[in-house]
Amino acid sequence: MVEIIAQQAEPEKSLSSMDRRQRARAHLARVWHILNEPRRWISIWFLAYAILGAISSGILPILLPLMIVAISHHLSWVAYVMGGFNLGLLSSPLWGFLADDRKWHLPVFFSGFIVLMLALGLMPFLPGLLPWSLLSLAAGAGTSAVATVASLFIVEFDPKNHWEARLGWLQTFNGAGQVGGLLLAGIFVANFKLGLLCSALALIPALWLGAKGLPSAAKRVDWTAEIGRQMRRDLDWRLLANFGRPELLGGGLLRFSHHLSLQGGKHFMEVLHTRFGRFLLSWFAVAFGVAAFFAYFPVAMQKAYNVAPALTSSVYAITAAFALILYSVGGQLSGKYGAGRVYRWSLLGRLLGFGLLLVVFFTPIPKTFVALLGFVLIMAVWPLQSISGTTLTARLTPFSQGAAMGLFNASGAVATVLGTFLGGPLVQFIGYPALSAMAMAGIILGWLSGHGLQAETVPPELKTSAGTA
């Protein structure tokens with residue numbers, strides 16, 4: 001009887017074991033599929049863009065201000081040199097024109113790397129306000145050229161339904177590069193010349209990766225698509241907003257540098273009295289207010305708050321890495337509570353952060369800890385501001401999304417350049433408290449202008465039309 005029971009139980013036991021093995025194999029297959037999913041969207045030349053992010057968004061924002069003050073002893077020079085870099089980034093429409101109309105995609109892409117390499121290599125050997133400003137301008141233009149054409153490569157050579165995923169991964173590579181560059185900047189703060197020279201040399205493998213990994217069709221001359229017009233007409237900015245993107249200095253000009261054009265300028269008068277016009281005013285005010293701080297922050301953290309540059313860059317790197325996760329969170333919050341609310345919440349977070357940086361000048365509280373807390377808060381809420389701002393642009397525009405993005409990015413870019421240049425005289429005559437005070441004034445104005453931008457009972461003013469792009 002026992003043998004019969006054992007014989008009857010054995011097939012069930014064997015079958016159960018086989019079922020477990022099959023389930024385990026299916027589970028491993030699913031895991032393997034998930035791990036391999038990014039391979040659909042990633043190309044080897046994305047590594048070149050990661051190197052660009054490490055240098056332009058990681059190393060330069062830390063090393064340049066520190067080097068300028070250490071060598072020249074002129075605080076105001078930081079604003080002019082960093083302003084030159086931001087001004088160079090505004091050259092994006094020129095590179096877009098050369099790529100779209102002249103079909104010079106490859107020359108612009110590789111020339112950008114070469115110009116940036118030469119500028120970084122010459123900076124340590126040509127001290128002085130004018131040489132530094134001109135080289136910084138060239139570095140910004142080179143960065144803008146690479147970033148502009150990098151996005152166009154995807155839009156030109158990939159199917160339309162792949163654009164958002166590919167662009168999202170491209171910018172994520174750039175963000176990972178930024179984190180690595182910030183960590184390296186903490187090492188190079190002891191030797192500015194070595195840091196800039198190593199950055200220049202790092203662009204050599206970037207050239208090789210670009211040449212090796214670009215789409216084969218990019219190496220032919222038979223360009224037929226009107227890339228810029230196609231992108232402005234067809235790209236779904238609301239969907240793209242759900243993908244993480246690094247931002248130069250926590251809110252700068254590389255968000256969509258291929259679309260810093262003024263194509264929407266002809267519509268400017270149309271939006272002055274609309275909710276979209278109020279949002280543009282709000283975005284301009286905030287970008288203008290914080291620009292000076294982000295030009296000076298490595299020096300200000302060291303001189304005013306007793307935070308070592310290596311610690312500043314390390315904290316920035318950790319915060320930037322954590323912030324990559326918050327981009328998806330920002331998209332979810334915007335969908336749940338409305339982009340208008342999330343936008344104003346992000347401004348309140350930044351207002352609190354700059355308030356902490358300002359209050360230490362007037363109260364006997366520990367400067368270093370409070371300053372680091374404020375700095376982390378300022379950087380951590382940027383993804384919420386970025387995602388909600390992009391979403392508001394797409395939802396509030398009374399004309400095409402592409403033209404609206406042109407106005408949106410142009411307003412922030414121009415405000416950043418103007419605010420950076422203004423920071424020089426303010427710091428020179430008032431001191432470091434002026435940086436936080438200027439930021440708070442801009443944020444308060446932006447918060448007031450951003451009231452009632454997207455009430456849930458009001459349908460979005462969205463008219464997406466290919467003919468109006």
# chains A, B, ... in the order shown; residues from 1 in each chain; ligands from 1
$ residues_around --residues "Gly186 of chain A" --least-positions-apart "5" --cutoff "8 Å" --atoms "only C-alpha atoms" --output "mmCIF file with N, CA and C atoms, in the first residue's frame"
data_model
loop_
_atom_site.group_PDB
_atom_site.id
_atom_site.type_symbol
_atom_site.label_atom_id
_atom_site.label_comp_id
_atom_site.auth_asym_id
_atom_site.auth_seq_id
_atom_site.Cartn_x
_atom_site.Cartn_y
_atom_site.Cartn_z
ATOM 1 N N PRO A 309 35.459 72.903 -1.947
ATOM 2 C CA PRO A 309 34.996 72.619 -3.320
ATOM 3 C C PRO A 309 34.795 71.141 -3.600
ATOM 4 N N ALA A 310 35.674 70.294 -3.036
ATOM 5 C CA ALA A 310 35.524 68.857 -3.260
ATOM 6 C C ALA A 310 34.212 68.354 -2.669
ATOM 7 N N LEU A 311 33.832 68.887 -1.494
ATOM 8 C CA LEU A 311 32.568 68.487 -0.883
ATOM 9 C C LEU A 311 31.385 69.017 -1.695
ATOM 10 N N THR A 312 31.499 70.235 -2.201
ATOM 11 C CA THR A 312 30.429 70.801 -3.029
ATOM 12 C C THR A 312 30.173 69.943 -4.260
ATOM 13 N N SER A 313 31.245 69.573 -4.959
ATOM 14 C CA SER A 313 31.075 68.773 -6.176
ATOM 15 C C SER A 313 30.556 67.378 -5.857
ATOM 16 N N SER A 314 30.986 66.805 -4.730
ATOM 17 C CA SER A 314 30.515 65.467 -4.354
ATOM 18 C C SER A 314 29.034 65.491 -4.007
#
$ atom_distance --atom1 "atom CA of Gly195 of chain A" --atom2 "atom CA of Leu137 of chain A"
18.9 Å
$ residues_around --residues "segment 114-128 of chain A" --least-positions-apart "3" --cutoff "7 Å" --atoms "only C-alpha atoms" --output "compact mmCIF listing (two decimals) with N, CA and C atoms, in the first residue's frame"
# COMPACT_ATOMS: atom_id res chain seq x y z
N PHE A 110 31.39 67.01 -35.28
CA PHE A 110 32.79 66.79 -34.92
C PHE A 110 33.53 68.11 -34.68
N SER A 111 33.16 69.16 -35.38
CA SER A 111 33.79 70.47 -35.13
C SER A 111 33.49 70.96 -33.72
N PRO A 131 40.79 86.77 -22.97
CA PRO A 131 41.03 85.41 -23.49
C PRO A 131 40.10 84.37 -22.88
N TRP A 132 39.91 84.44 -21.56
CA TRP A 132 39.03 83.47 -20.92
C TRP A 132 37.60 83.59 -21.43
N LEU A 135 37.43 82.18 -25.01
CA LEU A 135 37.56 80.73 -25.02
C LEU A 135 36.32 80.08 -24.40
N ALA A 138 33.68 80.10 -26.99
CA ALA A 138 33.93 79.02 -27.95
C ALA A 138 33.54 77.67 -27.37
N ALA A 139 33.84 77.45 -26.08
CA ALA A 139 33.49 76.19 -25.44
C ALA A 139 31.98 76.00 -25.40
N GLY A 142 30.83 75.18 -28.95
CA GLY A 142 31.15 73.79 -29.29
C GLY A 142 30.22 72.81 -28.61
N THR A 143 29.94 73.05 -27.33
CA THR A 143 28.99 72.20 -26.61
C THR A 143 27.62 72.23 -27.26
N LYS A 193 44.71 73.37 -13.84
CA LYS A 193 45.32 73.16 -15.15
C LYS A 193 45.22 71.69 -15.55
N LEU A 196 41.60 70.75 -16.60
CA LEU A 196 41.18 71.21 -17.92
C LEU A 196 41.91 70.46 -19.03
N LEU A 197 43.19 70.18 -18.82
CA LEU A 197 43.94 69.43 -19.84
C LEU A 197 43.41 68.00 -19.97
N ALA A 200 40.26 68.10 -21.93
CA ALA A 200 40.52 68.24 -23.36
C ALA A 200 40.92 66.90 -23.97
N LEU A 203 38.21 64.27 -24.77
CA LEU A 203 37.38 64.44 -25.96
C LEU A 203 37.93 63.68 -27.17
$ residues_around --residues "segment 52-69 of chain A" --least-positions-apart "4" --cutoff "6 Å" --atoms "only C-alpha atoms" --output "list in words"
His73, His74, Leu75, Val78, Asn174, Gly177, Gln178, Gly180, Gly181, Leu182, Ala185, Leu248, Pro298 and Val299 of chain A
$ write_last_selection --atoms "C-alpha atoms" --output "PDB file, in the first residue's frame"
ATOM      1  CA  HIS A  73      41.292  87.533  -7.605  1.00  0.00           C
ATOM      2  CA  HIS A  74      38.411  89.343  -9.361  1.00  0.00           C
ATOM      3  CA  LEU A  75      34.999  88.039  -8.348  1.00  0.00           C
ATOM      4  CA  VAL A  78      33.369  84.816 -12.950  1.00  0.00           C
ATOM      5  CA  ASN A 174      24.469  62.850 -20.576  1.00  0.00           C
ATOM      6  CA  GLY A 177      28.266  61.738 -17.516  1.00  0.00           C
ATOM      7  CA  GLN A 178      27.429  64.841 -15.500  1.00  0.00           C
ATOM      8  CA  GLY A 180      30.868  61.350 -13.178  1.00  0.00           C
ATOM      9  CA  GLY A 181      32.227  64.759 -14.160  1.00  0.00           C
ATOM     10  CA  LEU A 182      31.179  66.278 -10.839  1.00  0.00           C
ATOM     11  CA  ALA A 185      35.861  67.846 -10.470  1.00  0.00           C
ATOM     12  CA  LEU A 248      23.282  72.353 -16.965  1.00  0.00           C
ATOM     13  CA  PRO A 298      31.488  76.714  -6.224  1.00  0.00           C
ATOM     14  CA  VAL A 299      33.167  79.969  -5.130  1.00  0.00           C
TER      15      VAL A 299
END
$ closest_residue --among "A:Pro205, A:Gly340, A:Gly289, A:Gly412" --to "Ala441 of chain A" --atoms "only C-alpha atoms"
A:Gly289
$ atom_distance --atom1 "atom CA of Ile318 of chain A" --atom2 "atom CA of Ile51 of chain A"
18.0 Å
$ closest_residue --among "A:Phe375, A:Trp382, A:Phe421, A:Phe153" --to "Gly213 of chain A" --atoms "only C-alpha atoms"
A:Phe153
